[in-house]
Structures are given as structure tokens and as C-alpha cells.
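Have a look at target10.pdb; it's PDB, C-alpha atoms:
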ATOM      1  CA  MET A   1      53.382  74.818  54.487
ATOM      2  CA  ASP A   2      49.591  74.464  54.427
ATOM      3  CA  ALA A   3      48.102  73.291  51.158
ATOM      4  CA  ASP A   4      46.126  75.711  49.003
ATOM      5  CA  PRO A   5      42.482  74.571  49.186
ATOM      6  CA  LEU A   6      42.111  75.053  45.449
ATOM      7  CA  ALA A   7      45.150  72.960  44.577
ATOM      8  CA  ALA A   8      43.166  69.729  44.782
ATOM      9  CA  ASP A   9      40.730  71.130  42.233
ATOM     10  CA  VAL A  10      43.590  71.817  39.809
ATOM     11  CA  ASN A  11      45.087  68.376  40.291
ATOM     12  CA  ALA A  12      41.669  66.842  39.670
ATOM     13  CA  GLY A  13      41.336  68.783  36.425
ATOM     14  CA  TRP A  14      38.658  71.126  37.744
ATOM     15  CA  PRO A  15      39.851  74.753  37.602
ATOM     16  CA  ILE A  16      37.391  77.455  38.642
ATOM     17  CA  GLY A  17      35.119  78.584  35.817
ATOM     18  CA  VAL A  18      34.997  82.357  35.258
ATOM     19  CA  ALA A  19      32.557  84.322  33.111
ATOM     20  CA  ILE A  20      33.613  87.810  31.949
ATOM     21  CA  VAL A  21      30.900  90.367  31.162
ATOM     22  CA  ASP A  22      32.128  93.596  29.565
ATOM     23  CA  ASP A  23      31.110  95.661  26.547
ATOM     24  CA  HIS A  24      34.716  96.400  25.522
ATOM     25  CA  PRO A  25      36.378  93.500  23.657
ATOM     26  CA  VAL A  26      39.851  94.820  24.454
ATOM     27  CA  VAL A  27      39.081  94.533  28.193
ATOM     28  CA  ILE A  28      37.797  90.989  27.769
ATOM     29  CA  ASP A  29      40.918  90.014  25.821
ATOM     30  CA  GLY A  30      43.197  91.562  28.446
ATOM     31  CA  VAL A  31      41.481  89.927  31.413
ATOM     32  CA  ARG A  32      41.334  86.576  29.607
ATOM     33  CA  ALA A  33      45.101  86.792  29.064
ATOM     34  CA  TRP A  34      45.667  87.603  32.741
ATOM     35  CA  LEU A  35      43.553  84.700  33.949
ATOM     36  CA  ALA A  36      45.076  82.295  31.430
ATOM     37  CA  GLY A  37      48.341  82.499  33.366
ATOM     38  CA  GLU A  38      46.682  81.095  36.487
ATOM     39  CA  PRO A  39      46.083  77.301  36.238
ATOM     40  CA  ARG A  40      43.393  77.398  38.911
ATOM     41  CA  LEU A  41      41.162  79.573  36.715
ATOM     42  CA  ARG A  42      39.473  78.940  33.379
ATOM     43  CA  VAL A  43      37.447  81.463  31.382
ATOM     44  CA  VAL A  44      34.292  79.622  30.307
ATOM     45  CA  ALA A  45      32.312  82.410  28.614
ATOM     46  CA  THR A  46      32.562  86.092  27.695
ATOM     47  CA  GLY A  47      30.242  88.719  26.286
ATOM     48  CA  ASP A  48      28.468  92.011  26.855
ATOM     49  CA  ASP A  49      25.143  90.652  28.133
ATOM     50  CA  PRO A  50      25.150  88.874  31.516
ATOM     51  CA  ASP A  51      22.072  86.793  30.765
ATOM     52  CA  GLU A  52      23.474  85.509  27.470
ATOM     53  CA  VAL A  53      26.897  84.828  28.979
ATOM     54  CA  LEU A  54      25.454  82.806  31.851
ATOM     55  CA  ARG A  55      23.095  80.897  29.570
ATOM     56  CA  ALA A  56      26.187  79.858  27.627
ATOM     57  CA  ALA A  57      28.068  78.896  30.789
ATOM     58  CA  PRO A  58      25.706  78.219  33.704
ATOM     59  CA  GLU A  59      28.541  76.381  35.454
ATOM     60  CA  ALA A  60      30.592  79.572  35.887
ATOM     61  CA  GLU A  61      31.527  79.860  39.548
ATOM     62  CA  VAL A  62      32.643  83.500  39.429
ATOM     63  CA  VAL A  63      31.223  86.309  37.280
ATOM     64  CA  LEU A  64      33.531  89.244  36.549
ATOM     65  CA  LEU A  65      31.048  92.026  35.775
ATOM     66  CA  ASP A  66      31.600  95.495  34.343
ATOM     67  CA  LEU A  67      29.278  97.766  36.302
ATOM     68  CA  ARG A  68      28.480  99.961  33.285
ATOM     69  CA  LEU A  69      27.200  98.165  30.196
ATOM     70  CA  HIS A  70      26.071  99.943  27.047
ATOM     71  CA  GLY A  71      25.985 103.288  28.805
ATOM     72  CA  ARG A  72      23.928 102.138  31.801
ATOM     73  CA  MET A  73      24.910 101.305  35.366
ATOM     74  CA  VAL A  74      23.717  97.774  36.099
ATOM     75  CA  LEU A  75      23.451  97.688  39.884
ATOM     76  CA  ASP A  76      20.006  96.137  39.456
ATOM     77  CA  LYS A  77      21.449  93.251  37.427
ATOM     78  CA  LEU A  78      24.238  92.862  39.985
ATOM     79  CA  ALA A  79      21.644  92.549  42.745
ATOM     80  CA  GLU A  80      19.678  90.023  40.662
ATOM     81  CA  LEU A  81      22.726  87.858  40.005
ATOM     82  CA  SER A  82      23.783  87.995  43.648
ATOM     83  CA  ALA A  83      20.287  87.101  44.838
ATOM     84  CA  ALA A  84      20.421  84.085  42.509
ATOM     85  CA  GLY A  85      23.550  82.877  44.319
ATOM     86  CA  ARG A  86      26.182  84.029  41.837
ATOM     87  CA  ARG A  87      29.594  85.099  43.101
ATOM     88  CA  VAL A  88      29.950  88.450  41.336
ATOM     89  CA  VAL A  89      33.189  90.435  41.250
ATOM     90  CA  VAL A  90      32.556  93.940  39.946
ATOM     91  CA  TYR A  91      35.303  95.122  37.588
ATOM     92  CA  SER A  92      34.787  98.785  36.801
ATOM     93  CA  GLU A  93      36.388 102.102  35.927
ATOM     94  CA  HIS A  94      33.855 103.790  38.227
ATOM     95  CA  SER A  95      35.865 103.464  41.418
ATOM     96  CA  ASP A  96      34.536 106.328  43.514
ATOM     97  CA  PRO A  97      33.779 105.244  47.107
ATOM     98  CA  PRO A  98      29.959 105.597  46.909
ATOM     99  CA  THR A  99      29.819 103.393  43.787
ATOM    100  CA  MET A 100      32.112 100.757  45.257
ATOM    101  CA  LEU A 101      30.179 100.543  48.495
ATOM    102  CA  ALA A 102      26.845 100.511  46.630
ATOM    103  CA  ALA A 103      28.099  97.515  44.634
ATOM    104  CA  LEU A 104      28.991  95.645  47.816
ATOM    105  CA  ASP A 105      25.614  96.520  49.304
ATOM    106  CA  ALA A 106      23.984  95.109  46.140
ATOM    107  CA  GLY A 107      25.689  91.774  46.780
ATOM    108  CA  ALA A 108      29.062  91.882  45.004
ATOM    109  CA  VAL A 109      31.616  89.659  46.724
ATOM    110  CA  ALA A 110      34.396  92.074  45.747
ATOM    111  CA  PHE A 111      35.100  95.243  43.776
ATOM    112  CA  LEU A 112      38.116  95.606  41.502
ATOM    113  CA  ALA A 113      38.999  98.902  39.819
ATOM    114  CA  LYS A 114      40.039  98.612  36.174
ATOM    115  CA  HIS A 115      43.300 100.447  36.771
ATOM    116  CA  GLU A 116      44.450  97.674  39.123
ATOM    117  CA  GLY A 117      46.675  95.064  37.557
ATOM    118  CA  ARG A 118      46.888  91.342  36.967
ATOM    119  CA  GLU A 119      47.961  90.418  40.504
ATOM    120  CA  HIS A 120      44.875  91.976  42.061
ATOM    121  CA  CYS A 121      42.575  90.665  39.340
ATOM    122  CA  VAL A 122      43.714  87.073  39.802
ATOM    123  CA  GLY A 123      43.798  87.405  43.587
ATOM    124  CA  THR A 124      40.280  88.811  43.715
ATOM    125  CA  VAL A 125      38.814  86.092  41.490
ATOM    126  CA  LEU A 126      40.537  83.306  43.439
ATOM    127  CA  ALA A 127      39.304  84.793  46.718
ATOM    128  CA  ALA A 128      35.762  85.034  45.364
ATOM    129  CA  ALA A 129      35.882  81.370  44.333
ATOM    130  CA  GLN A 130      36.841  80.455  47.913
ATOM    131  CA  ASP A 131      34.208  82.721  49.489
ATOM    132  CA  ARG A 132      36.859  84.764  51.244
ATOM    133  CA  PRO A 133      37.333  88.544  51.254
ATOM    134  CA  TYR A 134      40.009  90.254  49.186
ATOM    135  CA  VAL A 135      40.700  93.970  49.586
ATOM    136  CA  PRO A 136      42.570  95.475  46.621
ATOM    137  CA  PRO A 137      44.005  98.988  47.123
ATOM    138  CA  ALA A 138      41.179 101.002  45.562
ATOM    139  CA  LEU A 139      38.554  99.225  47.645
ATOM    140  CA  ALA A 140      40.622  99.687  50.787
ATOM    141  CA  GLY A 141      40.774 103.407  50.064
ATOM    142  CA  ALA A 142      37.009 103.569  49.639
ATOM    143  CA  MET A 143      36.443 101.759  52.923
ATOM    144  CA  VAL A 144      38.915 103.559  55.170
ATOM    145  CA  GLY A 145      38.309 106.808  56.978
ATOM    146  CA  ASP A 146      34.546 107.062  56.827
ATOM    147  CA  ALA A 147      33.723 109.360  59.710
ATOM    148  CA  ARG A 148      29.955 108.944  59.636
ATOM    149  CA  PRO A 149      28.374 109.298  63.087
ATOM    150  CA  ASP A 150      26.213 106.174  62.841
ATOM    151  CA  ARG A 151      29.005 103.706  63.533
ATOM    152  CA  PRO A 152      27.613 100.886  65.671
ATOM    153  CA  ALA A 153      29.516  99.850  68.768
ATOM    154  CA  LEU A 154      30.763  96.265  68.567
ATOM    155  CA  SER A 155      31.998  94.376  71.582
ATOM    156  CA  ASP A 156      35.572  93.068  71.676
ATOM    157  CA  LYS A 157      34.290  89.510  71.190
ATOM    158  CA  GLU A 158      32.119  90.531  68.229
ATOM    159  CA  ARG A 159      35.067  92.277  66.600
ATOM    160  CA  GLU A 160      37.390  89.306  67.235
ATOM    161  CA  ALA A 161      34.872  86.872  65.756
ATOM    162  CA  LEU A 162      34.385  89.059  62.687
ATOM    163  CA  LEU A 163      38.113  89.501  62.149
ATOM    164  CA  LEU A 164      38.805  85.764  62.313
ATOM    165  CA  TRP A 165      35.833  85.044  60.033
ATOM    166  CA  PHE A 166      37.119  87.612  57.537
ATOM    167  CA  GLN A 167      40.443  85.753  57.544
ATOM    168  CA  SER A 168      38.786  82.965  55.502
ATOM    169  CA  MET A 169      38.123  80.824  58.534
ATOM    170  CA  SER A 170      34.927  78.825  58.815
ATOM    171  CA  LYS A 171      32.678  79.612  61.757
ATOM    172  CA  ALA A 172      33.675  76.233  63.213
ATOM    173  CA  SER A 173      37.357  77.222  63.021
ATOM    174  CA  VAL A 174      36.611  80.593  64.607
ATOM    175  CA  ALA A 175      34.830  78.762  67.430
ATOM    176  CA  ARG A 176      37.841  76.525  68.069
ATOM    177  CA  ARG A 177      40.253  79.474  68.062
ATOM    178  CA  MET A 178      38.055  81.501  70.433
ATOM    179  CA  GLN A 179      37.183  78.415  72.536
ATOM    180  CA  ILE A 180      33.469  79.045  72.203
ATOM    181  CA  SER A 181      30.638  77.257  70.419
ATOM    182  CA  GLU A 182      29.941  77.667  66.718
ATOM    183  CA  HIS A 183      26.454  78.858  67.688
ATOM    184  CA  THR A 184      28.013  81.692  69.699
ATOM    185  CA  VAL A 185      30.174  82.705  66.735
ATOM    186  CA  LYS A 186      27.069  82.882  64.573
ATOM    187  CA  GLN A 187      25.399  84.997  67.254
ATOM    188  CA  TYR A 188      28.326  87.438  67.217
ATOM    189  CA  VAL A 189      28.170  87.781  63.418
ATOM    190  CA  ASP A 190      24.384  88.104  63.373
ATOM    191  CA  ARG A 191      24.514  90.640  66.202
ATOM    192  CA  ALA A 192      26.943  92.790  64.207
ATOM    193  CA  ARG A 193      24.652  92.634  61.178
ATOM    194  CA  ILE A 194      21.663  93.656  63.295
ATOM    195  CA  LYS A 195      23.571  96.628  64.717
ATOM    196  CA  TYR A 196      24.446  97.847  61.217
ATOM    197  CA  THR A 197      20.867  97.357  60.035
ATOM    198  CA  ARG A 198      19.564  99.402  62.947
ATOM    199  CA  ALA A 199      22.068 102.126  62.033
ATOM    200  CA  GLY A 200      20.592 102.254  58.525
ATOM    201  CA  ARG A 201      23.633 100.587  56.983
ATOM    202  CA  PRO A 202      22.602  96.984  56.261
ATOM    203  CA  ALA A 203      25.314  94.411  55.521
ATOM    204  CA  ALA A 204      23.673  91.257  54.234
ATOM    205  CA  THR A 205      26.772  89.714  52.653
ATOM    206  CA  LYS A 206      30.192  88.908  54.073
ATOM    207  CA  ALA A 207      31.800  91.423  51.691
ATOM    208  CA  ALA A 208      29.390  94.169  52.730
ATOM    209  CA  LEU A 209      29.952  93.447  56.426
ATOM    210  CA  LEU A 210      33.711  93.593  55.876
ATOM    211  CA  ALA A 211      33.292  96.937  54.114
ATOM    212  CA  ARG A 212      31.308  98.326  57.037
ATOM    213  CA  ALA A 213      33.873  97.114  59.555
ATOM    214  CA  ILE A 214      36.762  98.653  57.596
ATOM    215  CA  GLU A 215      34.845 101.908  57.022
ATOM    216  CA  ASP A 216      34.441 102.276  60.751
ATOM    217  CA  GLY A 217      38.012 101.378  61.642
ATOM    218  CA  LEU A 218      36.978  98.168  63.380
ATOM    219  CA  VAL A 219      39.133  96.134  60.981
ATOM    220  CA  ARG A 220      42.124  97.351  58.969
ATOM    221  CA  PRO A 221      42.601  96.211  55.353
ATOM    222  CA  GLU A 222      46.077  94.975  56.275
ATOM    223  CA  ASP A 223      44.527  92.754  58.961
ATOM    224  CA  ILE A 224      43.007  90.577  56.249
ATOM    225  CA  GLY A 225      45.478  87.765  55.778
ATOM    226  CA  ILE A 226      47.192  87.722  59.167
ATOM    227  CA  TYR A 227      45.747  84.311  59.983
ATOM    228  CA  ARG A 228      45.858  83.042  56.389
ATOM    229  CA  SER A 229      48.451  80.349  57.135
ATOM    230  CA  GLN A 230      46.406  78.899  59.983
ATOM    231  CA  ALA A 231      43.132  79.245  58.106
ATOM    232  CA  SER A 232      44.171  77.962  54.712
ATOM    233  CA  ALA A 233      43.326  74.360  55.532
ATOM    234  CA  ASP A 234      39.791  75.275  56.505
ATOM    235  CA  ARG A 235      37.062  75.575  53.927
ATOM    236  CA  PRO A 236      35.426  78.989  54.393
ATOM    237  CA  THR A 237      31.757  79.337  55.258
ATOM    238  CA  PRO A 238      29.978  82.124  53.279
TER
END

Structure translated into C-alpha cells:
Amino acid sequence: MDADPLAADVNAGWPIGVAIVDDHPVVIDGVRAWLAGEPRLRVVATGDDPDEVLRAAPEAEVVLLDLRLHGRMVLDKLAELSAAGRRVVVYSEHSDPPTMLAALDAGAVAFLAKHEGREHCVGTVLAAAQDRPYVPPALAGAMVGDARPDRPALSDKEREALLLWFQSMSKASVARRMQISEHTVKQYVDRARIKYTRAGRPAATKAALLARAIEDGLVRPEDIGIYRSQASADRPTP
């Protein structure tokens, strides 16, 4: 069986640092308890103000962010954190499709609805730490079945490259599997992004591009993970 790429971090005494930002202490306590059962994760700071939390723990590798803080939606703060290079997982009770997709467009690496349980919470945070997509049920529901007419047409090769890349494979690994150059893989991914931008549906991040592909039926949520066993030894490329 292929080794988990995070296992070496655990053995070396370096679990992934997680910061939790929420204005409900009971939520923070619950999520902290969930993550405490996973040795690859360590909560390094909590609070209701993202700036204060990250000043206290600048080393946090994943930020679990409530999208509504003190009565205000904080998509602007999400975009700011993402632009600064933070891996942000949105954790919110506002799980309507437009809000979820807006969060991904703002740079979130994943969206987790608050009614989803420990398994999905831990899985999403671990995936975010590895720069790989994770599609919990609520997000899958938001992505699937969008019948908008501005769906760009991707070639078979573009779709294959995207699917393999979404499976946590590095672009180099995708190139080896497709027997093409890494430069060509990058061209396929960039070409897909350009097509979505021209359609008025930009997808600057890997998570946003995955959302677009699932919305349009180009990739199914259940496809994510098919190549996990082959890809697990490869470090993903964001």
C-alpha cells in the first residue's frame, strides 16, 4: 500500500497546524475535539477575528474560517487571506450553492457545510494541507447540475489532464501518465482556465476550476479519488 504523504510529517513530530476562526465558542470547541482525534492535525490558534488568530499563529498551514463573523459575511477577508497565500477552508452554515461557489471563486480551497460531520471536516482539512481537492456532499450538490448555457467546450485531452490533476497528481505525474510533456499539461490546464474566463466564469484556483468542471458535468464528484492509490506517492502541485 502506498504511504500517506503526511505520515512522514507525523513521524517527524510535525503535524499540520490549523487555525479555527469562528464567533461561536461551542463550534470552536466541537471542531477542536474532532481534529484532536487526528494525529496529523494540530490546532494552533482559535478566535473570532482572523487577523488576531493569524498573528498568534502565523505558522498555521490551514485556516478553517466561518464565512459569517459578527453578523457580516466576510468574503472580502477570505479573498485577502487567499491572496496572501493562505489555505482557507470555509466552514459555514450558509451552504446555498451561490454562496459556496462565491467562496471558491474568492479563493477558498474547499467549502464545508456546518451540518457535515467529523469525517468530512478532518478529510477536508487534510486535503487542504496537501493542496488536493476534497468534495464533501453539500459542495458536490452545489456543483452538480448547473445548466447554464455558457459552459466552455473542453477537448478530451484537456478534460483528461484536469481529471488526473484533480486526483492529487502533480503536473509531472500527469505528464508521465498521459505520455506528454509537463509543459503540455500546463498548457491544457491554462487553456481550460482561459476558456472559463472568456465565458465570464473565471477559475483562478484549483478548487474553483474543479467546481466549474463539476458544475458543467465535465468531472463527477465521485471521480475524485479514482487514481488516489497511484497518486498518493506524488506530492501535489497547487

Using the chain letters and numbers from this file, what does the PyMOL selection byres ((chain A and resi 121) around 12) select? Give the answer as a ChimeraX atom specification. /A:18,20,30-38,41,64,89-92,110-120,122-128,134-137

Evaluated on this file, the PyMOL selection byres ((chain A and resi 181-193) around 8) picks out some residues - which ones are they, written as a list in words?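 Matching residues under the PyMOL selection byres ((chain A and resi 181-193) around 8) are Leu154, Lys157, Glu158, Ala161, Leu162, Lys171, Ala172, Val174, Ala175, Arg176, Gln179, Ile180, Ile194, Lys195, Tyr196, Thr197, Pro202, Ala203, Ala204 and Leu209 of chain A.
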
Report the residues retrieved by the PyMOL selection byres ((chain A and resi 218) around 12) from the displayed file, expressed as a VMD selection string. chain A and resid 143 to 146 151 to 163 192 209 to 217 219 to 223

Mind giving me the axis-aligned box for segment 176-189 of chain A with 3 Å on every side, centre plus edges in Å to one decimal, as AutoDock Vina command-line options?
--center_x 32.8 --center_y 82.2 --center_z 68.0 --size_x 20.9 --size_y 17.3 --size_z 15.1

Please measure the separation of atom CA of Asp66 of chain A and atom CA of Pro15 of chain A, giving the value in Å to one decimal.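 Result for atom CA of Asp66 of chain A versus atom CA of Pro15 of chain A: 22.6 Å, one decimal.
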
Take atom CA of Lys206 of chain A and atom CA of Val43 of chain A and report the distance between them in Å, one decimal.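 Atom-to-atom, atom CA of Lys206 of chain A and atom CA of Val43 of chain A are spaced 25.0 Å apart.
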
Env of Ala102 of chain A: 12 Å cut, atoms = all atoms listed in the file, seq-sep filter 2 positions within chain, self excluded. Answer as JSON, numbers by chain. {"A": [67, 73, 74, 75, 76, 78, 79, 90, 94, 95, 96, 97, 98, 99, 100, 104, 105, 106, 107, 108, 109, 110, 111, 139, 142, 143, 201, 202, 203, 207, 208, 211, 212]}

Would you work out the distance separating atom CA of Ser173 of chain A from atom CA of Arg87 of chain A, expressed in Å to one decimal?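 For atom CA of Ser173 of chain A relative to atom CA of Arg87 of chain A, the distance reads 22.8 Å.
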
Skip Pro58 of chain A itself and residues of its chain fewer than 4 positions away, then list as a ChimeraX atom specification all residues within 12 Å of it, counting only C-alpha atoms. /A:17-19,44-45,50-54,62-63,81,84-86

Using all atoms listed in the file for the distances, tell me which of A:Ile224, A:Glu61, A:Pro25, A:Arg198 is nearest to Gln130 of chain A. A:Glu61

In terms of the shortest atom-to-atom distance over all atoms listed in the file, which of A:Glu93, A:Ala83, A:Ile28, A:Arg40 is closest to Arg68 of chain A? A:Glu93

Could you tell me which of A:Leu101, A:Ser170, A:Ala60, A:Trp165 comes closest to Ala138 of chain A if we count all atoms listed in the file?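 That would be A:Leu101, the residue with the smallest distance to Ala138 of chain A.
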
Could you add whatever atoms are missing so that segment 184-216 of chain A carries N, CA and C atoms, then write the result as a short mmCIF file (atom, residue, chain, number, x, y, z; two decimals), keeping the file's coordinate frame?
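And here's out_30.cif as it stands now:
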data_model
loop_
_atom_site.label_atom_id
_atom_site.label_comp_id
_atom_site.auth_asym_id
_atom_site.auth_seq_id
_atom_site.Cartn_x
_atom_site.Cartn_y
_atom_site.Cartn_z
N THR A 184 27.67 80.37 69.15
CA THR A 184 28.01 81.69 69.70
C THR A 184 28.69 82.56 68.65
N VAL A 185 29.55 81.96 67.83
CA VAL A 185 30.17 82.70 66.74
C VAL A 185 29.10 83.27 65.81
N LYS A 186 28.15 82.42 65.44
CA LYS A 186 27.07 82.88 64.57
C LYS A 186 26.30 84.02 65.23
N GLN A 187 26.09 83.92 66.54
CA GLN A 187 25.40 85.00 67.25
C GLN A 187 26.18 86.31 67.16
N TYR A 188 27.51 86.24 67.31
CA TYR A 188 28.33 87.44 67.22
C TYR A 188 28.19 88.08 65.83
N VAL A 189 28.27 87.26 64.79
CA VAL A 189 28.17 87.78 63.42
C VAL A 189 26.78 88.37 63.18
N ASP A 190 25.75 87.62 63.57
CA ASP A 190 24.38 88.10 63.37
C ASP A 190 24.13 89.39 64.16
N ARG A 191 24.70 89.45 65.37
CA ARG A 191 24.51 90.64 66.20
C ARG A 191 25.14 91.87 65.53
N ALA A 192 26.30 91.68 64.92
CA ALA A 192 26.94 92.79 64.21
C ALA A 192 26.08 93.24 63.04
N ARG A 193 25.52 92.27 62.30
CA ARG A 193 24.65 92.63 61.18
C ARG A 193 23.43 93.42 61.66
N ILE A 194 22.84 92.97 62.76
CA ILE A 194 21.66 93.66 63.30
C ILE A 194 22.01 95.08 63.69
N LYS A 195 23.17 95.28 64.30
CA LYS A 195 23.57 96.63 64.72
C LYS A 195 23.73 97.55 63.51
N TYR A 196 24.31 97.03 62.42
CA TYR A 196 24.45 97.85 61.22
C TYR A 196 23.09 98.12 60.58
N THR A 197 22.20 97.15 60.60
CA THR A 197 20.87 97.36 60.04
C THR A 197 20.13 98.44 60.81
N ARG A 198 20.21 98.39 62.13
CA ARG A 198 19.56 99.40 62.95
C ARG A 198 20.15 100.79 62.71
N ALA A 199 21.42 100.85 62.33
CA ALA A 199 22.07 102.13 62.03
C ALA A 199 21.77 102.62 60.62
N GLY A 200 20.93 101.86 59.89
CA GLY A 200 20.59 102.25 58.52
C GLY A 200 21.66 101.92 57.51
N ARG A 201 22.54 100.97 57.86
CA ARG A 201 23.63 100.59 56.98
C ARG A 201 23.67 99.05 56.91
N PRO A 202 22.68 98.45 56.27
CA PRO A 202 22.60 96.98 56.26
C PRO A 202 23.82 96.35 55.60
N ALA A 203 24.16 95.15 56.05
CA ALA A 203 25.31 94.41 55.52
C ALA A 203 24.93 92.95 55.43
N ALA A 204 24.21 92.61 54.36
CA ALA A 204 23.67 91.26 54.23
C ALA A 204 24.72 90.23 53.84
N THR A 205 25.75 90.65 53.11
CA THR A 205 26.77 89.71 52.65
C THR A 205 28.05 89.86 53.47
N LYS A 206 28.90 88.86 53.37
CA LYS A 206 30.19 88.91 54.07
C LYS A 206 31.03 90.08 53.57
N ALA A 207 31.02 90.32 52.25
CA ALA A 207 31.80 91.42 51.69
C ALA A 207 31.29 92.76 52.19
N ALA A 208 29.96 92.91 52.26
CA ALA A 208 29.39 94.17 52.73
C ALA A 208 29.70 94.39 54.20
N LEU A 209 29.65 93.32 55.00
CA LEU A 209 29.95 93.45 56.43
C LEU A 209 31.42 93.81 56.62
N LEU A 210 32.30 93.23 55.82
CA LEU A 210 33.71 93.59 55.88
C LEU A 210 33.89 95.06 55.53
N ALA A 211 33.19 95.53 54.50
CA ALA A 211 33.29 96.94 54.11
C ALA A 211 32.88 97.84 55.26
N ARG A 212 31.77 97.51 55.92
CA ARG A 212 31.31 98.33 57.04
C ARG A 212 32.35 98.36 58.15
N ALA A 213 32.90 97.19 58.46
CA ALA A 213 33.87 97.11 59.56
C ALA A 213 35.13 97.92 59.24
N ILE A 214 35.58 97.89 57.98
CA ILE A 214 36.76 98.65 57.60
C ILE A 214 36.45 100.14 57.56
N GLU A 215 35.26 100.50 57.03
CA GLU A 215 34.84 101.91 57.02
C GLU A 215 34.96 102.52 58.41
N ASP A 216 34.54 101.76 59.40
CA ASP A 216 34.44 102.28 60.75
C ASP A 216 35.71 102.07 61.57
#
